[in-house]
$ cat upload_34.cif   # mmCIF, C-alpha atoms and all ligand atoms
data_protein
loop_
_atom_site.label_atom_id
_atom_site.label_comp_id
_atom_site.auth_asym_id
_atom_site.auth_seq_id
_atom_site.Cartn_x
_atom_site.Cartn_y
_atom_site.Cartn_z
CA VAL A 1010 24.00 -49.27 -140.63
CA SER A 1011 25.22 -52.80 -140.10
CA THR A 1012 22.65 -55.22 -138.76
CA ALA A 1013 24.44 -55.79 -135.45
CA VAL A 1014 21.69 -55.78 -132.85
CA GLY A 1015 22.01 -55.40 -129.13
CA ALA A 1016 21.55 -53.09 -126.25
CA GLY A 1017 24.07 -50.31 -126.27
CA PRO A 1018 24.91 -47.60 -123.79
CA THR A 1019 22.46 -46.24 -121.23
CA ARG A 1020 22.62 -42.77 -119.75
CA THR A 1021 20.70 -40.75 -117.21
CA ILE A 1022 19.78 -37.36 -118.62
CA ARG A 1023 19.39 -34.61 -116.01
CA ILE A 1024 17.64 -31.40 -117.00
CA GLY A 1025 16.42 -29.00 -114.35
CA GLY A 1026 15.00 -31.06 -111.50
CA HIS A 1027 14.13 -33.89 -113.87
CA ALA A 1028 16.11 -37.07 -114.59
CA TYR A 1029 15.25 -39.85 -117.01
CA PRO A 1030 16.95 -42.83 -118.66
CA LEU A 1031 18.10 -42.84 -122.26
CA HIS A 1032 18.86 -46.13 -124.01
CA LEU A 1033 20.74 -46.47 -127.28
CA GLY A 1034 21.34 -49.55 -129.36
CA GLY A 1035 20.30 -51.77 -132.23
CA GLY A 1036 16.86 -53.41 -132.14
CA LEU A 1037 15.58 -51.55 -129.08
CA ILE A 1038 12.21 -50.90 -130.77
CA ASP A 1039 11.39 -54.51 -129.92
CA ALA A 1040 12.38 -53.94 -126.29
CA LEU A 1041 10.10 -50.94 -125.69
CA GLY A 1042 7.63 -52.92 -123.58
CA ALA A 1043 10.39 -54.21 -121.31
CA LEU A 1044 11.94 -50.74 -121.02
CA TRP A 1045 8.71 -48.82 -120.35
CA SER A 1046 6.63 -51.18 -118.18
CA PRO A 1047 8.86 -50.88 -115.06
CA LEU A 1048 8.60 -47.07 -115.27
CA ALA A 1049 4.92 -46.83 -116.22
CA ALA A 1050 2.26 -45.81 -113.71
CA GLY A 1051 -0.80 -46.63 -115.81
CA ARG A 1052 -1.15 -49.43 -118.38
CA GLY A 1053 -2.31 -47.20 -121.23
CA VAL A 1054 0.01 -45.95 -123.97
CA LEU A 1055 -1.12 -43.55 -126.69
CA LEU A 1056 1.28 -44.38 -129.52
CA VAL A 1057 1.59 -41.51 -132.00
CA SER A 1058 3.38 -42.00 -135.32
CA ASP A 1059 3.19 -40.87 -138.94
CA ASP A 1060 2.52 -43.02 -142.00
CA GLY A 1061 6.23 -43.04 -142.93
CA VAL A 1062 7.08 -45.21 -139.94
CA ASP A 1063 4.18 -47.68 -139.89
CA ALA A 1064 6.40 -50.74 -139.69
CA LEU A 1065 8.40 -49.36 -136.75
CA ALA A 1066 5.21 -48.26 -134.96
CA ALA A 1067 3.71 -51.73 -135.40
CA ARG A 1068 6.82 -53.30 -133.83
CA ALA A 1069 6.67 -50.79 -130.97
CA ALA A 1070 2.99 -51.61 -130.37
CA ALA A 1071 3.64 -55.36 -130.41
CA SER A 1072 6.44 -54.99 -127.88
CA LEU A 1073 4.29 -52.86 -125.55
CA GLU A 1074 1.34 -55.26 -125.78
CA ALA A 1075 3.59 -58.24 -125.09
CA ALA A 1076 4.55 -56.48 -121.84
CA GLY A 1077 0.88 -56.22 -120.82
CA LEU A 1078 0.38 -52.57 -121.76
CA ARG A 1079 -2.74 -51.30 -123.55
CA VAL A 1080 -1.86 -49.51 -126.80
CA ILE A 1081 -4.01 -46.86 -128.45
CA ARG A 1082 -2.50 -46.12 -131.86
CA VAL A 1083 -3.02 -42.78 -133.61
CA GLY A 1084 -1.44 -42.03 -136.96
CA VAL A 1085 -1.02 -38.74 -138.81
CA PRO A 1086 0.14 -38.12 -142.37
CA ALA A 1087 3.92 -37.69 -142.71
CA GLY A 1088 5.05 -34.11 -143.24
CA GLU A 1089 5.31 -30.84 -141.35
CA ALA A 1090 1.64 -30.00 -142.14
CA SER A 1091 0.60 -32.51 -139.47
CA LYS A 1092 2.27 -30.41 -136.75
CA SER A 1093 -0.98 -28.50 -136.31
CA LEU A 1094 -3.56 -27.63 -133.66
CA GLY A 1095 -6.06 -29.57 -135.76
CA GLN A 1096 -4.05 -32.77 -135.23
CA VAL A 1097 -3.62 -31.94 -131.52
CA GLU A 1098 -7.40 -31.85 -131.18
CA ARG A 1099 -7.82 -35.05 -133.19
CA ILE A 1100 -5.24 -36.94 -131.13
CA CYS A 1101 -6.53 -35.65 -127.77
CA ARG A 1102 -10.09 -36.60 -128.69
CA ALA A 1103 -8.99 -40.08 -129.76
CA ALA A 1104 -7.23 -40.39 -126.39
CA ALA A 1105 -10.35 -39.23 -124.54
CA VAL A 1106 -12.64 -41.59 -126.45
CA GLU A 1107 -10.30 -44.50 -125.66
CA GLY A 1108 -10.14 -43.49 -122.00
CA LEU A 1109 -6.47 -42.47 -121.75
CA ARG A 1110 -5.96 -41.40 -118.15
CA ARG A 1111 -3.78 -39.00 -116.22
CA ASP A 1112 -1.31 -41.74 -115.19
CA ASP A 1113 -1.01 -43.20 -118.71
CA ALA A 1114 1.58 -42.17 -121.28
CA VAL A 1115 2.06 -40.76 -124.75
CA MET A 1116 4.75 -42.41 -126.85
CA ALA A 1117 6.14 -40.63 -129.92
CA VAL A 1118 7.53 -43.02 -132.55
CA GLY A 1119 8.93 -41.06 -135.49
CA GLY A 1120 10.99 -38.08 -136.52
CA GLY A 1121 11.04 -34.61 -135.03
CA MET A 1122 7.61 -33.78 -136.44
CA VAL A 1123 5.95 -36.61 -134.51
CA GLY A 1124 8.09 -35.87 -131.44
CA ASP A 1125 7.05 -32.22 -131.34
CA LEU A 1126 3.36 -32.99 -131.99
CA ALA A 1127 3.03 -35.91 -129.59
CA GLY A 1128 5.17 -34.07 -127.03
CA PHE A 1129 2.77 -31.15 -127.09
CA VAL A 1130 -0.20 -33.51 -126.73
CA ALA A 1131 1.54 -35.05 -123.69
CA ALA A 1132 2.08 -31.60 -122.17
CA ALA A 1133 -1.54 -30.54 -122.72
CA TYR A 1134 -3.77 -33.64 -122.40
CA GLN A 1135 -5.41 -33.53 -118.96
CA ARG A 1136 -2.79 -30.90 -118.03
CA GLY A 1137 0.06 -33.25 -118.75
CA VAL A 1138 0.77 -36.99 -118.96
CA ARG A 1139 3.99 -39.00 -119.13
CA LEU A 1140 5.94 -38.86 -122.39
CA VAL A 1141 8.28 -41.37 -124.05
CA HIS A 1142 10.36 -40.36 -127.07
CA VAL A 1143 11.34 -43.00 -129.62
CA PRO A 1144 13.09 -40.91 -132.28
CA THR A 1145 13.55 -42.63 -135.66
CA THR A 1146 15.43 -39.99 -137.69
CA LEU A 1147 19.00 -38.88 -137.08
CA LEU A 1148 17.78 -35.33 -136.52
CA ALA A 1149 15.28 -36.44 -133.91
CA MET A 1150 17.91 -38.55 -132.13
CA VAL A 1151 20.57 -35.87 -131.89
CA ASP A 1152 18.31 -32.85 -131.57
CA SER A 1153 14.55 -32.83 -131.08
CA ALA A 1154 14.17 -35.75 -128.63
CA ILE A 1155 16.51 -34.05 -126.14
CA GLY A 1156 15.78 -30.74 -124.50
CA GLY A 1157 12.08 -30.81 -123.75
CA LYS A 1158 10.80 -28.44 -126.40
CA THR A 1159 7.46 -29.40 -127.91
CA ALA A 1160 5.37 -27.39 -130.35
CA VAL A 1161 2.98 -27.23 -133.25
CA ASP A 1162 2.91 -24.69 -136.07
CA LEU A 1163 0.42 -21.93 -136.87
CA PRO A 1164 -0.14 -20.60 -140.39
CA GLU A 1165 1.56 -17.48 -138.99
CA GLY A 1166 4.72 -19.24 -137.94
CA LYS A 1167 6.57 -22.44 -137.14
CA ASN A 1168 6.57 -23.69 -133.52
CA TYR A 1169 4.31 -20.83 -132.40
CA VAL A 1170 2.28 -22.87 -129.91
CA GLY A 1171 4.18 -25.16 -127.59
CA ALA A 1172 5.44 -26.05 -124.16
CA PHE A 1173 8.51 -27.30 -122.36
CA TRP A 1174 7.82 -30.92 -121.46
CA GLN A 1175 10.49 -33.45 -120.54
CA PRO A 1176 10.13 -37.17 -121.31
CA GLU A 1177 10.30 -39.98 -118.74
CA LEU A 1178 12.21 -42.26 -121.10
CA VAL A 1179 14.02 -41.93 -124.44
CA VAL A 1180 14.84 -44.98 -126.57
CA MET A 1181 17.00 -44.69 -129.67
CA ASP A 1182 17.22 -47.69 -132.00
CA VAL A 1183 19.94 -46.79 -134.49
CA THR A 1184 18.96 -49.68 -136.79
CA ALA A 1185 15.73 -47.73 -137.46
CA LEU A 1186 17.91 -45.39 -139.54
CA GLU A 1187 18.41 -48.19 -142.12
CA THR A 1188 15.20 -47.19 -143.87
CA LEU A 1189 15.68 -43.42 -143.60
CA PRO A 1190 16.15 -41.77 -147.03
CA ALA A 1191 19.76 -40.65 -147.65
CA ARG A 1192 18.75 -37.00 -147.90
CA GLU A 1193 17.08 -37.10 -144.46
CA LEU A 1194 20.11 -38.85 -143.00
CA ALA A 1195 22.38 -36.13 -144.40
CA CYS A 1196 20.15 -33.44 -142.89
CA GLY A 1197 20.55 -34.95 -139.45
CA PHE A 1198 24.27 -35.07 -140.04
CA ALA A 1199 24.39 -31.29 -140.50
CA GLU A 1200 23.34 -31.04 -136.83
CA VAL A 1201 26.03 -33.59 -135.92
CA VAL A 1202 28.63 -31.30 -137.51
CA LYS A 1203 27.19 -28.41 -135.51
CA TYR A 1204 27.70 -30.36 -132.27
CA ALA A 1205 31.26 -31.19 -133.29
CA LEU A 1206 32.02 -27.49 -133.78
CA LEU A 1207 30.49 -26.69 -130.39
CA ARG A 1208 32.19 -29.60 -128.63
CA GLY A 1209 35.74 -29.13 -129.90
CA SER A 1210 38.48 -30.20 -132.27
CA ASP A 1211 38.58 -33.86 -131.11
CA MET A 1212 35.07 -34.56 -132.31
CA LEU A 1213 35.67 -32.60 -135.51
CA ALA A 1214 38.78 -34.70 -136.23
CA ARG A 1215 36.80 -37.89 -135.64
CA LEU A 1216 34.14 -36.75 -138.12
CA ARG A 1217 36.87 -36.00 -140.63
CA ASP A 1218 38.31 -39.50 -140.27
CA ARG A 1219 35.06 -41.47 -140.08
CA PRO A 1220 33.58 -43.17 -143.17
CA PRO A 1221 30.51 -41.45 -144.65
CA LEU A 1222 27.16 -42.26 -143.09
CA PRO A 1223 25.68 -44.49 -142.03
CA GLY A 1224 28.69 -46.71 -141.28
CA PRO A 1225 28.72 -49.49 -138.71
CA CYS A 1226 25.97 -49.61 -136.09
CA GLU A 1227 28.38 -49.30 -133.14
CA ALA A 1228 30.13 -46.26 -134.63
CA LEU A 1229 26.78 -44.61 -135.28
CA THR A 1230 25.67 -45.31 -131.72
CA ASP A 1231 28.81 -43.63 -130.37
CA LEU A 1232 28.30 -40.64 -132.64
CA VAL A 1233 24.65 -40.19 -131.62
CA LEU A 1234 25.60 -40.55 -127.96
CA GLU A 1235 28.23 -37.85 -128.23
CA CYS A 1236 25.70 -35.42 -129.76
CA VAL A 1237 23.08 -36.28 -127.14
CA GLU A 1238 25.57 -35.64 -124.34
CA GLN A 1239 26.55 -32.32 -125.88
CA LYS A 1240 22.95 -31.17 -126.25
CA ALA A 1241 21.93 -32.41 -122.80
CA ALA A 1242 24.88 -30.65 -121.18
CA VAL A 1243 24.07 -27.34 -122.84
CA VAL A 1244 20.33 -27.60 -122.15
CA ALA A 1245 20.89 -28.67 -118.52
CA SER A 1246 22.85 -25.50 -117.93
CA ASP A 1247 20.07 -23.39 -119.43
CA GLU A 1248 16.71 -25.12 -119.71
CA ARG A 1249 14.69 -22.09 -120.83
CA GLU A 1250 17.13 -20.65 -123.34
CA ALA A 1251 18.41 -17.61 -121.50
CA GLY A 1252 22.10 -17.98 -122.31
CA PRO A 1253 24.23 -21.00 -123.28
CA ARG A 1254 21.36 -22.77 -125.02
CA ALA A 1255 21.49 -20.07 -127.67
CA THR A 1256 24.83 -21.49 -128.86
CA LEU A 1257 22.86 -24.46 -130.23
CA ASN A 1258 21.74 -21.99 -132.88
CA LEU A 1259 25.16 -22.12 -134.53
CA GLY A 1260 24.58 -22.07 -138.29
CA HIS A 1261 20.86 -21.51 -137.82
CA THR A 1262 20.60 -17.73 -138.27
CA VAL A 1263 21.79 -17.74 -141.87
CA GLY A 1264 20.34 -21.25 -142.24
CA HIS A 1265 16.82 -20.08 -141.37
CA GLY A 1266 17.29 -17.12 -143.71
CA ILE A 1267 18.16 -19.46 -146.58
CA GLU A 1268 15.27 -21.81 -145.72
CA ALA A 1269 12.77 -18.94 -145.62
CA ALA A 1270 14.12 -17.19 -148.72
CA THR A 1271 13.80 -20.38 -150.74
CA GLY A 1272 10.25 -20.86 -149.47
CA TYR A 1273 10.60 -24.06 -147.39
CA GLY A 1274 9.76 -27.33 -149.11
CA ASP A 1275 11.14 -27.69 -152.62
CA GLY A 1276 14.18 -25.51 -151.88
CA TYR A 1277 16.69 -26.47 -149.23
CA LEU A 1278 15.73 -28.85 -146.45
CA HIS A 1279 16.48 -27.60 -142.93
CA GLY A 1280 19.75 -29.55 -142.56
CA GLU A 1281 20.91 -28.45 -146.01
CA ALA A 1282 20.33 -24.80 -145.12
CA VAL A 1283 22.13 -25.36 -141.81
CA SER A 1284 25.10 -26.78 -143.74
CA LEU A 1285 25.42 -23.47 -145.60
CA GLY A 1286 24.66 -21.50 -142.42
CA LEU A 1287 27.52 -23.21 -140.60
CA LEU A 1288 29.96 -22.22 -143.32
CA ALA A 1289 28.75 -18.61 -143.24
CA ALA A 1290 29.08 -18.50 -139.43
CA LEU A 1291 32.62 -19.87 -139.68
CA ARG A 1292 33.53 -17.26 -142.29
CA LEU A 1293 32.26 -14.51 -139.97
CA SER A 1294 34.13 -16.10 -137.09
CA GLU A 1295 37.37 -15.86 -139.07
CA ARG A 1296 36.76 -12.19 -139.66
CA HIS A 1297 35.61 -11.17 -136.18
CA GLU A 1298 36.78 -13.81 -133.70
CA GLY A 1299 40.11 -14.89 -135.13
CA LEU A 1300 38.94 -18.43 -135.97
CA HIS A 1301 41.62 -20.34 -137.88
CA PRO A 1302 40.55 -20.80 -141.55
CA ALA A 1303 41.50 -24.50 -141.40
CA VAL A 1304 38.34 -25.12 -139.32
CA ARG A 1305 36.13 -23.98 -142.18
CA GLU A 1306 38.12 -26.06 -144.66
CA VAL A 1307 37.73 -29.25 -142.60
CA THR A 1308 34.05 -28.51 -142.02
CA ARG A 1309 33.43 -27.97 -145.72
CA GLU A 1310 35.14 -31.24 -146.54
CA ILE A 1311 33.06 -33.16 -143.98
CA LEU A 1312 29.77 -31.60 -145.14
CA ASP A 1313 30.61 -32.19 -148.78
CA ARG A 1314 31.51 -35.84 -148.21
CA HIS A 1315 28.12 -36.39 -146.59
CA GLY A 1316 26.13 -35.02 -149.49
CA LEU A 1317 25.37 -31.65 -147.91
CA PRO A 1318 25.52 -28.42 -149.93
CA THR A 1319 28.56 -26.18 -149.46
CA ARG A 1320 27.68 -23.68 -152.18
CA LEU A 1321 24.57 -21.52 -152.33
CA ARG A 1322 22.54 -21.90 -155.54
CA PRO A 1323 23.08 -18.80 -157.70
CA ASP A 1324 19.34 -18.11 -158.01
CA VAL A 1325 19.00 -17.47 -154.26
CA GLY A 1326 19.15 -13.72 -153.61
CA VAL A 1327 21.38 -12.49 -150.79
CA ASP A 1328 18.91 -9.66 -150.06
CA GLU A 1329 16.09 -12.17 -149.65
CA VAL A 1330 18.20 -14.22 -147.25
CA LEU A 1331 19.07 -11.11 -145.20
CA ALA A 1332 15.44 -9.96 -145.14
CA ALA A 1333 14.28 -13.38 -143.97
CA MET A 1334 16.93 -13.39 -141.22
CA GLY A 1335 15.50 -10.11 -139.93
CA ARG A 1336 12.03 -11.61 -139.71
CA ASP A 1337 13.21 -14.63 -137.74
CA LYS A 1338 11.41 -15.28 -134.44
CA LYS A 1339 14.74 -15.31 -132.63
CA ALA A 1340 15.97 -11.99 -134.02
CA GLN A 1341 15.28 -9.67 -131.08
CA ALA A 1342 14.12 -6.08 -131.59
CA GLY A 1343 16.35 -5.07 -134.47
CA ALA A 1344 19.38 -6.94 -133.15
CA LEU A 1345 20.55 -9.92 -135.14
CA ASN A 1346 22.34 -12.25 -132.73
CA MET A 1347 24.67 -14.79 -134.26
CA VAL A 1348 26.61 -17.63 -132.74
CA LEU A 1349 30.26 -17.45 -133.76
CA LEU A 1350 33.29 -19.52 -132.80
CA ALA A 1351 36.61 -18.32 -131.42
CA ALA A 1352 37.79 -21.91 -131.88
CA PRO A 1353 36.11 -25.33 -132.02
CA GLY A 1354 34.51 -25.79 -128.60
CA ARG A 1355 34.51 -22.05 -127.87
CA PRO A 1356 31.21 -20.58 -129.12
CA LEU A 1357 30.00 -17.10 -128.27
CA VAL A 1358 26.87 -15.12 -129.04
CA ARG A 1359 27.70 -12.00 -130.97
CA ARG A 1360 25.15 -9.18 -130.90
CA SER A 1361 24.62 -7.54 -134.28
CA PRO A 1362 27.71 -8.49 -136.27
CA PRO A 1363 28.32 -5.78 -138.93
CA LEU A 1364 25.78 -6.17 -141.72
CA PRO A 1365 28.36 -5.79 -144.54
CA SER A 1366 30.30 -8.75 -143.09
CA VAL A 1367 27.16 -10.85 -142.84
CA ARG A 1368 26.28 -9.99 -146.42
CA ALA A 1369 29.80 -10.81 -147.60
CA ALA A 1370 29.76 -14.17 -145.79
CA ILE A 1371 26.50 -15.12 -147.54
CA GLU A 1372 27.78 -13.88 -150.90
CA GLU A 1373 30.91 -15.97 -150.49
CA LEU A 1374 28.73 -19.07 -150.15
CA ARG A 1375 28.13 -18.78 -153.87
CA GLY A 1376 31.78 -19.83 -154.26
N1 LIG A 1401 11.89 -29.94 -130.30
C1 LIG A 1401 13.07 -29.59 -130.74
O1 LIG A 1401 13.96 -29.23 -129.96
C2 LIG A 1401 13.35 -29.67 -132.21
C3 LIG A 1401 14.66 -29.54 -132.69
C4 LIG A 1401 14.89 -29.65 -134.05
C5 LIG A 1401 13.83 -29.90 -134.92
N2 LIG A 1401 12.56 -30.01 -134.45
C6 LIG A 1401 11.43 -30.29 -135.35
O2 LIG A 1401 11.65 -31.54 -135.96
C7 LIG A 1401 10.94 -31.57 -137.21
C8 LIG A 1401 11.83 -32.20 -138.26
O3 LIG A 1401 12.14 -33.52 -137.86
P1 LIG A 1401 12.73 -34.60 -138.88
O4 LIG A 1401 13.84 -34.01 -139.64
O5 LIG A 1401 12.96 -35.82 -138.09
O6 LIG A 1401 11.56 -34.78 -139.94
P2 LIG A 1401 10.20 -35.60 -139.92
O7 LIG A 1401 9.79 -35.97 -138.56
O8 LIG A 1401 9.25 -34.83 -140.75
O9 LIG A 1401 10.62 -36.96 -140.68
C9 LIG A 1401 11.06 -36.88 -142.03
C10 LIG A 1401 10.48 -38.03 -142.86
O10 LIG A 1401 11.14 -39.24 -142.52
C11 LIG A 1401 10.18 -40.27 -142.29
N3 LIG A 1401 10.82 -41.19 -141.35
C12 LIG A 1401 11.04 -41.00 -140.03
N4 LIG A 1401 11.76 -42.02 -139.52
C13 LIG A 1401 11.99 -42.87 -140.55
C14 LIG A 1401 12.68 -44.10 -140.66
N5 LIG A 1401 13.34 -44.62 -139.62
N6 LIG A 1401 12.70 -44.71 -141.87
C15 LIG A 1401 12.08 -44.15 -142.93
N7 LIG A 1401 11.43 -42.98 -142.90
C16 LIG A 1401 11.39 -42.35 -141.71
C17 LIG A 1401 8.98 -39.55 -141.79
O11 LIG A 1401 7.82 -40.32 -142.01
C18 LIG A 1401 9.00 -38.29 -142.64
O12 LIG A 1401 8.42 -38.54 -143.90
C19 LIG A 1401 10.52 -30.16 -137.50
O13 LIG A 1401 9.14 -30.03 -137.25
C20 LIG A 1401 11.30 -29.33 -136.49
O14 LIG A 1401 10.63 -28.15 -136.12
C21 LIG A 1401 12.31 -29.91 -133.11
ZN ZN A 1402 18.44 -27.45 -136.75
#
$ encode --input "upload_34.cif" --output "structure tokens"
Amino acid sequence: VSTAVGAGPTRTIRIGGHAYPLHLGGGLIDALGALWSPLAAGRGVLLVSDDGVDALAARAAASLEAAGLRVIRVGVPAGEASKSLGQVERICRAAAVEGLRRDDAVMAVGGGMVGDLAGFVAAAYQRGVRLVHVPTTLLAMVDSAIGGKTAVDLPEGKNYVGAFWQPELVVMDVTALETLPARELACGFAEVVKYALLRGSDMLARLRDRPPLPGPCEALTDLVLECVEQKAAVVASDEREAGPRATLNLGHTVGHGIEAATGYGDGYLHGEAVSLGLLAALRLSERHEGLHPAVREVTREILDRHGLPTRLRPDVGVDEVLAAMGRDKKAQAGALNMVLLAAPGRPLVRRSPPLPSVRAAIEELRG
């Protein structure tokens, strides 16, 4: 990310009956007070962050206070383990003790973990208060901050307790990505490649020709914006995931299988598993939907250049991956739905693709 700072594009996101502004640009963390105060009803802001983004959260708090808002800061440890009902209780009680009211707001400053946790607190505290998303990872910018899904995990399963809750404002400061570890940046990029496949060959060609991440601030802003527009368009057409929204699962069926089979954590990160899942979905698409093999070749090249895996480690068992896919929350009653592509920009949901093909596509990931 270059250090060019300045306000970038602004969009109005419309989902269901709800519309809210989204601002993108360099340095916008320091403009949060100016961006939120005209929209705020109450003066209170419960600022939730994790200890990996302390410096960004401190800047956000300073900006809000300079605009005359009252900031209540609550921190949680970084890591998925904080996306828990225990933390929901802790945060809600801190809010209650500090007197956060119905017309005040919750602001999530951090990655998707903080966004999901703080978003759920916003949906539940006093039956719902205003929410502002300030995503600070690439994944959170292109994926979790848009769409209105919030959740925490149970020991029994990820995202098992949650709610749909749309924000009133989303602010993306791409210069925040300067401090994001390269591996996290690459993971977010796997979702970017997913959007390119869903959007069409133009975006795919631009990814092929663009320098590896992060690249210049302006170019990154444009890339994030394109992903946000793609996700918002799909979600707007299908807020509660009845139809088109399912296409956002491209690469995620096999991806989740690989994540689960390698035990989350020290195996593949989510984006790394999605990288492999995308390649498997494209292989299946060649076999069943007539997708041109050049699409998979270009995709592999893009993923590889961004430090994402394109070959499955030999110690990962195909049977384990298949078994984990069957246990996935989204696998409905025996049917394994997969998103395939007839061409870039033309996704379709295929009910129960033949198991031998699925197995072969995963086996081929071993190269
Ligand atoms: N709601 C949705 O629609 C949706 C969609 C996709 C993913 N998710 C959720 O998002 C979560 C994953 O999000 P994530 O990938 O952003 O991970 P994360 O939020 O766990 O962040 C990863 C790490 O990066 C650190 N970090 C964040 N911003 C940073 C910055 N600018 N500089 C340096 N370090 C920074 C964090 O402290 C953390 O250690 C999962 O819980 C997943 O379920 C939700
Ligand atoms: Zn994902």
$ residues_near_ligand --input "upload_34.cif" --ligand "ligand ZN 1402 (chain A)" --cutoff "10 Å" --atoms "only C-alpha atoms and all ligand atoms" --output "list of chain:residue names"
A:Leu1148, A:Ala1149, A:Val1151, A:Asp1152, A:Ser1153, A:Cys1196, A:Gly1197, A:Ala1199, A:Glu1200, A:Val1201, A:Lys1203, A:Leu1257, A:Asn1258, A:Leu1259, A:Gly1260, A:His1261, A:Gly1264, A:His1265, A:His1279, A:Gly1280, A:Glu1281, A:Ala1282, A:Val1283, A:Ser1284
$ atom_distance --input "upload_34.cif" --atom1 "atom CA of Leu1033 of chain A" --atom2 "atom CA of Thr1184 of chain A"
10.2 Å
$ residues_around --input "upload_34.cif" --residues "Thr1188 of chain A" --least-positions-apart "2" --cutoff "10 Å" --atoms "only C-alpha atoms" --output "MDAnalysis selection string"
chainID A and resid 1010 1061:1062 1145:1146 1184:1186 1190:1191 1194
$ closest_residue --input "upload_34.cif" --among "A:Val1180, A:Arg1111, A:Leu1056, A:Ile1024" --to "Asp1039 of chain A" --atoms "all atoms listed in the file"
A:Val1180
$ closest_residue --input "upload_34.cif" --among "A:Asp1182, A:Glu1107, A:Asp1113, A:Glu1098" --to "ligand LIG 1401 (chain A)" --atoms "all atoms listed in the file"
A:Asp1182
$ closest_residue --input "upload_34.cif" --among "A:Val1106, A:Val1263, A:Val1057, A:Leu1278" --to "ligand LIG 1401 (chain A)" --atoms "all atoms listed in the file"
A:Leu1278
